[in-house]
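The structure under discussion appears below in the form of C-alpha cells.
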There are 2 protein chains.
Amino acid sequence: VTEAQVPAVSAATRAPASHLTTGRVGMVGAGQLARMTQRAAIDLGVHLEVLAASADDPAVTAGAGYRIGSPDDLDALRGLAADVDVVTLDHELVPNEHLRALVEAGHRVAPDPAALAFGQDKQHARRELAALGFPVPAFTTVSSGAEVAAFADGEGGGWPVVLKAARGGYDGRGVEVVVDAADADEVLRRGGTWIAEAHVDIATELAVVVARRPSGEAATYPVVETVQRDGICVELVLPARVDTEVARRAEALATDIVAAIDGTGIVATELFVTGSGELLVNELALRPHNSGHVTIEGAVTSQFHQHLRAVLDWPLGATDAVAPAAVMVNLLGGPAPTDLGARLPSALAIPGVAVHLYGKVSRPGRKIGHVTALGDDADEALERAREAASRLVDPQD
Amino acid sequence: VTEAQVPAVSAATRAPASHLTTGRVGMVGAGQLARMTQRAAIDLGVHLEVLAASADDPAVTAGAGYRIGSPDDLDALRGLAADVDVVTLDHELVPNEHLRALVEAGHRVAPDPAALAFGQDKQHARRELAALGFPVPAFTTVSSGAEVAAFADGEGGGWPVVLKAARGGYDGRGVEVVVDAADADEVLRRGGTWIAEAHVDIATELAVVVARRPSGEAATYPVVETVQRDGICVELVLPARVDTEVARRAEALATDIVAAIDGTGIVATELFVTGSGELLVNELALRPHNSGHVTIEGAVTSQFHQHLRAVLDWPLGATDAVAPAAVMVNLLGGPAPTDLGARLPSALAIPGVAVHLYGKVSRPGRKIGHVTALGDDADEALERAREAASRLVDPQD
C-alpha cells in the first residue's frame, strides 16, 4: 500500500462531537446493508462507523464514518470495537472466534457470536434448530456420493437431493441440486463441509424479519413472500399472499426461533411452505436482510432503523405495514455495464416507485439496487416495480 | 485559520467514481435541510456536495460531501458549481447577484435567482405577487411611524399593524406587531427596509409544498396545517383539518404561484386562512421546508427526494399521503442543554413515532429535530408525537 492509497480521512474526521451523537455503532462491512443503515443513523443521530474493504464501498460513499480493514484482522476489529458502543455486522464473513474475543474483552457485539453461528454455518444451524425442535428439511452431513445415495434411499425421500456448503454460500452459491451419486461426488470434490438435504416440494418461500434487543423485547414484521430465481431473491411481496393461518404460524415460528437462539439485532428467517402447508426453516441471517428492504417504505419502522434500535438496546419501533401491499424488485446487474444515471429518470417516470441504488459497480447478476412500490394490490404494485426495474437494468442474458 | 482547523478531507474524498453516481447536486448550506437531503441522495445514488460553515454542520456529520466556505464568497460558489450538475440551497442567505453570476457563467441553479428573490425579500414578494393577481394581506413599504399610522388609518384597517423586515427574518425574527406610531418608530429605528401589513384575523395557517422541474412538471403535496408559536412552527398536521374546498383552493393557489414565478425544486407557500375563509399568501420558501418534513414518513415521496428529482429535472414522485393523518412536532431546544442520547430511548418507547435528530447544539428555541407520527386520527397521532417530543426536550422557559 503506497501512501497515496491510504485514505486521507481518519475515521474520526466525520464523527460528530459526542454531545451531538446519541450512540455509536460499529458495523463490520460496508455494503448496501451498511449503506441503508447509514440512512437510518442520520435520522437517529447515531454515528455509524464501518470497517470497509475500500473507500468506494457503498456505505462509505453514503457518508458513514469508516476505516479500511479486513474482518479477518482481529486488530482491526478491536480498533473498531474500542471506538463504538456496540459492534454489529453487514455480512457474516467474520471469524466467529474474533467476535468471541471482542466479547471476552468486554465489548458489546450484536448478534452474539453463538447466535451468529446460525447464520454462518448451515450444518450447525440445521443440527441445532432440529435439536431445539424447530421444523427443518430432512438433512445429514455427507462426504461422499455414496453417503448422498444412502440419504436419498432413506430419510431424503429419493432423488434429487440438495447439497449445501456449510459455509460461505450466498445468493445461490454453495447450493447444488444433484441427481445421482456421481453427480454428488463431483460437487463434494470441491472440498469443505457439505450437508445433503431432502429436495422439498416448495409451494412458496417466505421470510420473516424479527428484531430483538439484548434485554429480550422483540418485534416481528409481517411475513413476506420471496420469489427466488437461481437462488437469488428477485422480488418479494409484503404481506405474503398465503392463508392468514400460515402467515401467523410463520411469524410465530420465526419469533420463537430468534428468542431460542438469543438473536439480537435484525434476524431474518427464510421458510419453505411445502405443498401440504408445512413450514420448514431454510436459513437464518443475523443482520438486516434483503427480505426486509421493503420495510423502508412499506412499514412504520424500517429494518435499518430497527436494527440500530435493537443493537443499541433501545425500544423497538412499530412493524405494521403502511399499505395493503408493498413489493420490492431487486436490481441485478445485466450482461453489460449500466449507466444508471442515464436510465434513472425513465424509471422514476413510473408512478409511485422508490428507487434505492447501492453505488456498486454493475456485474452480471450482482445486486446493485432495488425498487419498492406500495399499492392496494400486490399484482398492480409488482407491475409498476418490475417496469421501473426493467428500465434500470437489462435482463440476465 | 491554523492548519489543524483546515478539514483534512478534500471535498472529493467521499465522491464516488462517476460511474457509480447518478448525478451531482451542490447545496449552499449544510443545515438540517441538507442533512435530510443527504438521506435522499443515498437512495438515488446522487452525490450531494454541500458548502458548509463548519465540519460540525448537520449535513457534514451526516456524510454529505463538503467544502468549507461562505455563501457570500463568490469564488466558493463558483468552485461548488464547477463540481456539480446543479446548485441548490439549504437556506436563502445567499447573495442573489452571486447566483446570477453562476447562471451567467453557464451553471444550472435551482431555484432560478429571479424566483429565489420571492423567498429572500418580503417587499419584493408582496409587490410581485400582488401584481400577478395573487391574494396577499394589505401592505405598504414604510420608513416612519407616521407612515405606519397612515397605513393603519387607511388600507391597513386599524391597529395593530404588523411590521416585517424585508430581508433576513426567519422563525419569527424580523416580525413585530405594533400598536401605535411610537411603537412602530422604535422598530423602524433598527434600520433596513420594512413593510407594514394589515393584522389579519387568522383562523388557520396552512402551507403547501410544491415541487417543480425546470421543464415545467409540477407535483403538489396535500395542504398541511401549521401551528405557530412566537412565529416558529411548532407542529403540523397532514392533511390540514379544513374544508375540502379550502384545501383544494390552497393547493391550486400554491401550484399557480410556483408556475407564475417559475419556481424550481421545492417551493413552500405559507398561507393564512382568514375568519371569513379567504386565503392570503404569507411567505414563500424556495427550498425544502419545515412544513414538508412530515412527507418523509407521511407521503409516498419525501420532499427531499422530490427536491433532488426536481433540481436534476428528473420525473417527480407521487405526493399522496400514506396514512389518513400524519403529524409532525418540532423539537425546540429547551432552556438547558439536553443529552439527547440519554433521552432518546424513552421517546422511542412511544409507539409508532419516527424521530429525526439534526446533530445540532441545543440552544433555547432552536430547531434541533422533529418527531413524526402516522395514524387514523390527527389528534391521536399528535398526542403520541407530543409525548415523544416532551421526552426529548424540555418546554421553553
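FYI, nothing fancy with the C-alpha cells labels: chains A, B, ... in order, residues from 1 per chain, ligands from 1 as they appear.
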Shell around A:Leu206 at 7 Å using only C-alpha atoms, local window under 5 positions removed, as an MDAnalysis selection string
chainID A and resid 223:226 270:272
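Residues with any atom within 8 Å of A:Ser346, counting only C-alpha atoms and excluding same-chain neighbours fewer than 2 positions away, are A:Arg343, A:Leu344, A:Leu348, A:Ala349, A:Ile350, A:Ala388, A:Arg391, B:Pro315.
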Residue selection dump (all heavy atoms) as a tab-separated table (two decimals), in the first residue's frame:
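Output file selection-v9.tsv is given in full below:
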chain	number	residue	atom	x	y	z
A	343	ARG	N	-30.29	6.13	-17.05
A	343	ARG	CA	-31.52	5.35	-17.05
A	343	ARG	C	-32.50	5.74	-15.95
A	343	ARG	O	-33.70	5.49	-16.06
A	343	ARG	CB	-31.19	3.86	-16.88
A	343	ARG	CG	-30.57	3.24	-18.12
A	343	ARG	CD	-30.03	1.85	-17.76
A	343	ARG	NE	-29.65	1.11	-18.94
A	343	ARG	CZ	-30.17	-0.08	-19.26
A	343	ARG	NH1	-31.10	-0.63	-18.51
A	343	ARG	NH2	-29.77	-0.71	-20.34
A	344	LEU	N	-31.97	6.31	-14.86
A	344	LEU	CA	-32.82	6.55	-13.70
A	344	LEU	C	-34.05	7.40	-14.00
A	344	LEU	O	-35.15	7.07	-13.56
A	344	LEU	CB	-31.97	7.17	-12.57
A	344	LEU	CG	-32.69	7.47	-11.25
A	344	LEU	CD1	-33.38	6.23	-10.69
A	344	LEU	CD2	-31.69	8.02	-10.23
A	348	LEU	N	-37.95	6.61	-12.91
A	348	LEU	CA	-38.70	7.45	-11.96
A	348	LEU	C	-40.01	7.96	-12.57
A	348	LEU	O	-40.89	8.44	-11.85
A	348	LEU	CB	-37.84	8.64	-11.51
A	348	LEU	CG	-36.61	8.29	-10.66
A	348	LEU	CD1	-35.78	9.54	-10.38
A	348	LEU	CD2	-37.00	7.60	-9.36
A	349	ALA	N	-40.14	7.83	-13.86
A	349	ALA	CA	-41.39	8.25	-14.51
A	349	ALA	C	-42.54	7.28	-14.19
A	349	ALA	O	-43.71	7.63	-14.38
A	349	ALA	CB	-41.19	8.37	-16.01
A	350	ILE	N	-42.20	6.08	-13.71
A	350	ILE	CA	-43.25	5.14	-13.30
A	350	ILE	C	-43.84	5.65	-11.98
A	350	ILE	O	-43.10	5.90	-11.04
A	350	ILE	CB	-42.67	3.72	-13.09
A	350	ILE	CG1	-41.93	3.26	-14.33
A	350	ILE	CG2	-43.79	2.74	-12.70
A	350	ILE	CD1	-42.78	3.09	-15.54
A	388	ALA	N	-40.28	-0.37	-13.63
A	388	ALA	CA	-39.20	0.55	-13.25
A	388	ALA	C	-37.86	-0.18	-13.26
A	388	ALA	O	-36.86	0.34	-13.77
A	388	ALA	CB	-39.47	1.17	-11.88
A	391	ARG	N	-36.40	-0.71	-16.59
A	391	ARG	CA	-35.84	0.49	-17.21
A	391	ARG	C	-34.44	0.81	-16.67
A	391	ARG	O	-33.73	1.63	-17.24
A	391	ARG	CB	-36.78	1.68	-16.97
A	391	ARG	CG	-38.11	1.51	-17.72
A	391	ARG	CD	-39.01	2.69	-17.54
A	391	ARG	NE	-40.28	2.47	-18.22
A	391	ARG	CZ	-41.13	3.44	-18.53
A	391	ARG	NH1	-40.85	4.69	-18.22
A	391	ARG	NH2	-42.26	3.16	-19.16
B	315	PRO	N	-38.19	13.05	-13.50
B	315	PRO	CA	-39.63	12.95	-13.22
B	315	PRO	C	-39.91	12.97	-11.72
B	315	PRO	O	-39.16	12.38	-10.93
B	315	PRO	CB	-39.99	11.59	-13.85
B	315	PRO	CG	-39.00	11.41	-14.95
B	315	PRO	CD	-37.72	11.99	-14.41
Using DSSP on the backbone coordinates, identify the residues of stretch 248-388 of chain A assigned to strand (DSSP E or B); present them as an NGL selection string.
:A and (265-274 or 279-285 or 299 or 321 or 325-332 or 353-357 or 367-375)
If the cut-off is 8 Å, can you tell me the residues of chain B near chain A, counting only C-alpha atoms? I'd like them as a PyMOL selection string.
chain B and resi 8-9+13-17+19-23+35-36+39+42-45+55-56+60-65+297+300-301+314-318+322-323+339-342+344-346+348-349+351-361
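Here atom CA of B:Ile202 is placed at a distance of 26.2 Å from atom CA of B:Glu92.
Take the candidates B:Gln303, B:Asn282, B:Ser70, B:Ser144 and check each one against B:Pro222 using only C-alpha atoms; the shortest distance goes to B:Gln303.
Atom CA of A:Arg287 sits 6.5 Å away from atom CA of A:Asp90.
Between atom CA of A:Glu383 and atom CA of A:Val210 the interatomic distance comes to 27.9 Å.
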Just the residues within 10 Å of B:Thr204, please, counting only C-alpha atoms, with nothing from its chain fewer than 3 positions along; format it as a PyMOL selection string.
chain B and resi 201+225-228+240-242+271-275+277+279
Can you list, as a count of residues only, every protein, DNA or RNA residue that comes within 6 Å of stretch 102-117 of chain A when you count only C-alpha atoms, leaving out same-chain residues fewer than 2 positions away?
14
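Within stretch 160-202 of chain A, DSSP applied to the backbone places the following residues in helix (DSSP H, G or I): Ala181, Ala182, Asp183, Ala184, Asp185, Glu186, Val187 and Leu188 of chain A.
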